[in-house]
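> Handing you a structure now.
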Amino acid sequence: MFAFTDEQLQLRESVRRYLTDHASVRRMRELMDDPIGFDRQSYQGLFDELGIGGVHIPEEYGGAGLSYVELCIVLEEMGRALYPSPYLSSNVFAANALLLIGTAEQKAEWLPSISSGEHLATVALYEESNRSNVADIKQCVTDQSFTGTKTFVLDATVADVFIIVARDGPDPISPLRFWLARPGDANVHCAPMQSIDTTRRIGTISLENVQVERLGEATSDTNGFDRFIDFASVALANEMVGGAQWLLESSVEYANNRVQFGRPISSMQAIKHKCADLLLEIELAKSGAYRAAQAIAASDSAYPIHASIAKSAANDAYMQAAADAIQIHGGIGFTWDNDTHLWFKRAKSSQVLLGTSEIHREQLLDRLDLLEAN
């Protein structure tokens with residue numbers, strides 16, 4: 001049976017308290033119109049006051065040396081608060097790419113500055129060819145040079161370090177690898193993209209004959225991409241269940257306070273059933289997300305299976321929570337003044353990021369078949 005330790009619960013409480021004090025919904029609404037999209041001061045405070053810039057990064061590279069479980073606790077609280085920041089793109093996705101694939105020298109060069117917030121990094125994963133299938137990447141690196149355009153890049157306009165996912169050579173079946181574009185290259189151009197979710201910024205990056213550095217050794221295995229996607233999916237799933245939990249709590253609070261026909265609507269059977277069903281959906285998604293994080297922390301060889309379960313369950317629970325919350329809030333639920341729509345938009349953007357439920361369930365079946373065959 002899985003249970004959080006006292007230290008992990010204290011970490012959760014510390015992060016929640018900090019976000020309550022420094023990341024109000026009012027401040028988030030202000031940042032939605034800000035060109036940068038996040039509060040640099042409060043973001044740096046996460047590193048300076050809480051020391052969570054490198055939760056799962058080993059101490060030798062400037063991190064806290066904790067496990068993936070602690071990282072996912074932090075992300076769950078950020079998802080609950082809908083905290084706008086480049087933490088997911090820089091301290092999770094980019095850091096994971098370096099940890100999973102980078103050489104010791106590359107880790108020593110980049111992880112300390114990412115952990116401290118000195119550098120903001122992101123992973124450029126999507127292009128026109130792989131919007132529906134994250135692995136269907138066509139663009140390639142030839143002779144250590146990359147030319148192409150990546151879309152839906154998280155925090156593209158604020159990042160100064162880009163990790164590009166591209167094929168190693170022009171052959172369409174050549175392996176997918178990670179390539180680092182160093183800061184300050186004049187041939188890297190960034191532009192913002194409009195998104196349904198203005199609390200999480202995305203953009204495009206265009207590169208023309210940019211010299212890139214391969215992450216890892218030339219002889220490194222070709223499974224790094226799959227590992228990266230699984231680790232990223234688990235991280236995102238934990239962030240998503242945090243958002244779903246907030247939607248449930250806000251719905252129950254509203255139902256207890258909203259009086260109709262002389263009594264709180266929470267006493268009405270239809271509302272009771274909706275909240276009860278949603279609670280079960282979210283608890284199921286939490287179990288999947290927590291189990292997947294624990295599998296990664298324990299180096300469980302079955303973590304890919306748990307990753308697929310976690311992301312598909314989180315997709316369903318978050319979207320269901322968002323839809324039910326709007327219904328429970330009634331006529332005010334879909335208005336701009338009500339905060340529910342902010343979480344609804346995050347739920348929708350997160351649902352398609354790194355794969356929909358259908359994609360992950362198909363992947364799960366393939367992985368189970370492979371497990372039985374072995």
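In the structure tokens, the first chain shown is A, the next is B, and so on; residue numbers restart at 1 for each chain, and ligands run from 1 in the order shown.
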Write out as number ranges by chain the residues lying within 10 Å of Asp136 in chain A, counting only C-alpha atoms and excluding same-chain residues fewer than 6 positions away.
A: 126-130, 172, 176
> For the residues in that selection, give me N, CA, C and O atoms as a compact mmCIF listing (two decimals), in the first residue's frame.

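Result went into again.txt, see below:
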```txt
# COMPACT_ATOMS: atom_id res chain seq x y z
N TYR A 126 7.22 19.34 -30.75
CA TYR A 126 6.20 19.25 -31.79
C TYR A 126 6.58 20.01 -33.06
O TYR A 126 7.25 21.03 -33.02
N GLU A 127 6.10 19.47 -34.17
CA GLU A 127 6.19 20.13 -35.48
C GLU A 127 4.90 19.77 -36.22
O GLU A 127 4.03 19.09 -35.68
N GLU A 128 4.77 20.22 -37.45
CA GLU A 128 3.52 19.99 -38.17
C GLU A 128 3.21 18.51 -38.35
O GLU A 128 2.05 18.11 -38.41
N SER A 129 4.23 17.67 -38.40
CA SER A 129 4.02 16.25 -38.71
C SER A 129 3.53 15.42 -37.54
O SER A 129 2.97 14.34 -37.73
N ASN A 130 3.74 15.88 -36.31
CA ASN A 130 3.46 15.00 -35.17
C ASN A 130 2.45 15.58 -34.19
O ASN A 130 2.52 15.34 -32.99
N PRO A 172 14.23 8.70 -42.89
CA PRO A 172 13.00 8.85 -42.09
C PRO A 172 12.86 7.85 -40.96
O PRO A 172 12.03 8.04 -40.07
N LEU A 176 15.32 8.95 -33.13
CA LEU A 176 15.06 10.27 -32.56
C LEU A 176 16.07 10.54 -31.46
O LEU A 176 16.32 9.70 -30.59
```
> Go through range 58-133 of chain A and flag each residue having an atom no more than 12 Å from range 2-21 of chain A; for those, report the closest pair of atoms plus their distance in Å to one decimal, using only C-alpha atoms, ordered by chain and rising number, as a tab-separated table.

```
residue	atom	partner	partner_atom	distance
A:Leu66	CA	A:Gln8	CA	10.1
A:Ser67	CA	A:Gln8	CA	10.4
A:Tyr68	CA	A:Gln8	CA	11.4
A:Val69	CA	A:Gln8	CA	8.4
A:Glu70	CA	A:Gln8	CA	6.5
A:Leu71	CA	A:Leu11	CA	9.9
A:Cys72	CA	A:Arg12	CA	9.9
A:Ile73	CA	A:Arg12	CA	6.2
A:Val74	CA	A:Arg12	CA	6.6
A:Leu75	CA	A:Val15	CA	9.5
A:Glu76	CA	A:Arg12	CA	8.8
A:Glu77	CA	A:Arg16	CA	6.0
A:Met78	CA	A:Leu19	CA	7.6
A:Gly79	CA	A:Arg16	CA	10.5
A:Arg80	CA	A:Arg16	CA	8.8
A:Ala81	CA	A:Leu19	CA	6.8
A:Leu82	CA	A:Leu19	CA	9.5
A:Tyr83	CA	A:Leu19	CA	7.6
A:Pro84	CA	A:Leu19	CA	10.7
A:Ser85	CA	A:Leu19	CA	11.7
```
> Report as a list of chain:residue names all protein, DNA and RNA residues lying within 12 Å of Ala104 in chain A, evaluated on only C-alpha atoms, omitting residues in the same chain fewer than 6 positions from it.
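Result of the neighbour search: A:Pro58, A:Glu60, A:Tyr61, A:Leu98, A:Trp110, A:Leu111, A:Leu215, A:Gly216, A:Glu217.
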> Kindly save the residues from that selection, with all heavy atoms included, as a CSV table (one decimal), in the first residue's frame.

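Saved file result-v3.csv follows:
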```
chain,number,residue,atom,x,y,z
A,58,PRO,N,20.2,15.2,-8.9
A,58,PRO,CA,21.2,14.8,-7.9
A,58,PRO,C,21.9,16.0,-7.3
A,58,PRO,O,22.1,17.0,-8.0
A,58,PRO,CB,22.1,13.8,-8.6
A,58,PRO,CG,21.3,13.3,-9.8
A,58,PRO,CD,20.4,14.4,-10.2
A,60,GLU,N,25.0,16.4,-6.7
A,60,GLU,CA,26.2,16.7,-7.4
A,60,GLU,C,26.0,17.7,-8.6
A,60,GLU,O,27.0,18.3,-9.0
A,60,GLU,CB,26.9,15.4,-7.9
A,60,GLU,CG,26.1,14.7,-9.0
A,60,GLU,CD,26.7,13.4,-9.4
A,60,GLU,OE1,27.8,13.4,-10.0
A,60,GLU,OE2,26.1,12.3,-9.2
A,61,TYR,N,24.8,17.8,-9.0
A,61,TYR,CA,24.5,18.7,-10.1
A,61,TYR,C,23.6,19.9,-9.6
A,61,TYR,O,23.0,20.6,-10.4
A,61,TYR,CB,23.7,18.0,-11.2
A,61,TYR,CG,24.5,16.9,-11.9
A,61,TYR,CD1,24.0,15.6,-11.9
A,61,TYR,CD2,25.8,17.1,-12.4
A,61,TYR,CE1,24.7,14.5,-12.5
A,61,TYR,CE2,26.5,16.0,-13.0
A,61,TYR,CZ,25.9,14.8,-13.0
A,61,TYR,OH,26.6,13.7,-13.6
A,98,LEU,N,18.2,16.0,-19.9
A,98,LEU,CA,19.6,16.0,-19.5
A,98,LEU,C,19.9,14.8,-18.6
A,98,LEU,O,20.9,14.1,-18.8
A,98,LEU,CB,20.0,17.3,-18.9
A,98,LEU,CG,20.1,18.5,-19.8
A,98,LEU,CD1,20.0,19.8,-19.0
A,98,LEU,CD2,21.5,18.5,-20.5
A,110,TRP,N,24.9,22.1,-17.4
A,110,TRP,CA,23.6,22.8,-17.5
A,110,TRP,C,22.6,22.6,-16.3
A,110,TRP,O,21.8,23.5,-16.0
A,110,TRP,CB,22.9,22.2,-18.8
A,110,TRP,CG,23.6,22.7,-20.0
A,110,TRP,CD1,24.3,21.9,-20.8
A,110,TRP,CD2,23.6,24.0,-20.6
A,110,TRP,NE1,24.8,22.6,-21.9
A,110,TRP,CE2,24.4,23.9,-21.7
A,110,TRP,CE3,23.0,25.2,-20.2
A,110,TRP,CZ2,24.6,25.0,-22.5
A,110,TRP,CZ3,23.3,26.3,-21.0
A,110,TRP,CH2,24.0,26.2,-22.1
A,111,LEU,N,22.7,21.5,-15.6
A,111,LEU,CA,21.7,21.2,-14.6
A,111,LEU,C,21.8,22.2,-13.4
A,111,LEU,O,20.8,22.6,-12.9
A,111,LEU,CB,21.8,19.8,-14.1
A,111,LEU,CG,21.3,18.7,-15.0
A,111,LEU,CD1,21.5,17.3,-14.5
A,111,LEU,CD2,19.8,18.9,-15.3
A,215,LEU,N,22.8,15.5,-27.3
A,215,LEU,CA,22.8,15.1,-25.9
A,215,LEU,C,23.2,13.6,-25.8
A,215,LEU,O,22.6,12.8,-26.6
A,215,LEU,CB,21.4,15.3,-25.3
A,215,LEU,CG,21.0,16.7,-24.9
A,215,LEU,CD1,19.7,16.7,-24.1
A,215,LEU,CD2,22.1,17.5,-24.2
A,216,GLY,N,24.1,13.3,-24.9
A,216,GLY,CA,24.5,11.9,-24.8
A,216,GLY,C,25.6,11.5,-25.7
A,216,GLY,O,26.0,12.3,-26.6
A,217,GLU,N,26.1,10.3,-25.6
A,217,GLU,CA,27.1,9.8,-26.4
A,217,GLU,C,26.5,9.3,-27.8
A,217,GLU,O,25.3,9.0,-27.9
A,217,GLU,CB,27.8,8.6,-25.8
A,217,GLU,CG,28.4,8.9,-24.4
A,217,GLU,CD,29.6,9.8,-24.4
A,217,GLU,OE1,30.1,10.0,-25.5
A,217,GLU,OE2,30.0,10.3,-23.4
```
> Which residue, A:Ala255, A:Ile326, A:Ala317, A:Ala156, has the smallest gap to Ala270 in chain A when you use only C-alpha atoms?
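Going through A:Ala255, A:Ile326, A:Ala317, A:Ala156 one by one, the smallest distance to Ala270 in chain A is for A:Ala255.
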> Between A:Val212, A:Met240, A:Ala97, A:Leu365, which has the minimum distance to Val141 in chain A (counting only C-alpha atoms)?
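So, comparing all the options, the nearest one is A:Val212.
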> Pick out each residue of range 153-362 of chain A that DSSP on the backbone tags as alpha helix (DSSP H); I need them as a ChimeraX atom specification.
/A:224-257,269-297,303-328,340-352,357-362
> Between A:Ile332, A:Leu368, A:Ala181, A:Leu99, single out the one closest to Ile163 in chain A, counting only C-alpha atoms.
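Distance minimum relative to Ile163 in chain A lands on A:Ala181.
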> Once you count only C-alpha atoms, what closest atom pair and distance in Å to one decimal does each residue of range 91-179 of chain A within 10 Å of range 230-238 of chain A have, with rows by chain and rising residue number, as a Markdown table?

```
| residue | atom | partner | partner_atom | distance |
| --- | --- | --- | --- | --- |
| A:Val92 | CA | A:Ala232 | CA | 7.5 |
| A:Phe93 | CA | A:Ala232 | CA | 6.2 |
| A:Ala94 | CA | A:Ala232 | CA | 9.8 |
| A:Asn96 | CA | A:Phe231 | CA | 7.6 |
| A:Ala97 | CA | A:Ala232 | CA | 9.5 |
| A:Leu100 | CA | A:Phe231 | CA | 9.5 |
```
> Could you write out the selected residues, including all heavy atoms, as a CSV table (one decimal), in the first residue's frame?

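Full text of part01.csv as output:
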```csv
chain,number,residue,atom,x,y,z
A,92,VAL,N,11.5,20.4,-15.3
A,92,VAL,CA,11.0,19.0,-15.4
A,92,VAL,C,11.4,18.5,-16.8
A,92,VAL,O,12.3,17.6,-16.9
A,92,VAL,CB,9.5,18.9,-15.2
A,92,VAL,CG1,9.0,17.5,-15.3
A,92,VAL,CG2,9.1,19.5,-13.9
A,93,PHE,N,10.8,19.0,-17.9
A,93,PHE,CA,11.1,18.4,-19.2
A,93,PHE,C,12.5,18.6,-19.6
A,93,PHE,O,13.2,17.6,-20.0
A,93,PHE,CB,10.2,19.1,-20.2
A,93,PHE,CG,8.7,18.8,-20.2
A,93,PHE,CD1,8.3,17.9,-19.2
A,93,PHE,CD2,7.8,19.3,-21.0
A,93,PHE,CE1,6.9,17.6,-19.1
A,93,PHE,CE2,6.5,19.0,-21.0
A,93,PHE,CZ,6.0,18.1,-20.0
A,94,ALA,N,13.1,19.8,-19.6
A,94,ALA,CA,14.5,20.0,-20.0
A,94,ALA,C,15.4,19.2,-19.0
A,94,ALA,O,16.4,18.6,-19.5
A,94,ALA,CB,14.8,21.4,-20.1
A,96,ASN,N,14.8,16.6,-17.3
A,96,ASN,CA,14.7,15.2,-17.5
A,96,ASN,C,15.5,14.7,-18.7
A,96,ASN,O,16.1,13.7,-18.8
A,96,ASN,CB,13.2,14.8,-17.7
A,96,ASN,CG,12.5,14.6,-16.4
A,96,ASN,OD1,13.1,14.7,-15.3
A,96,ASN,ND2,11.2,14.4,-16.4
A,97,ALA,N,15.4,15.6,-19.8
A,97,ALA,CA,16.2,15.2,-21.0
A,97,ALA,C,17.7,15.1,-20.7
A,97,ALA,O,18.4,14.2,-21.2
A,97,ALA,CB,15.9,16.3,-22.1
A,100,LEU,N,18.3,12.0,-18.3
A,100,LEU,CA,18.1,10.7,-19.0
A,100,LEU,C,19.0,10.4,-20.1
A,100,LEU,O,19.4,9.2,-20.3
A,100,LEU,CB,16.6,10.6,-19.5
A,100,LEU,CG,15.5,10.5,-18.5
A,100,LEU,CD1,14.1,10.7,-19.2
A,100,LEU,CD2,15.5,9.2,-17.7
```
> Which distance in Å separates CA of Leu364 in chain A and CA of Ala325 in chain A, to one decimal?
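Rounded to one decimal, the two atoms are 29.4 Å apart.
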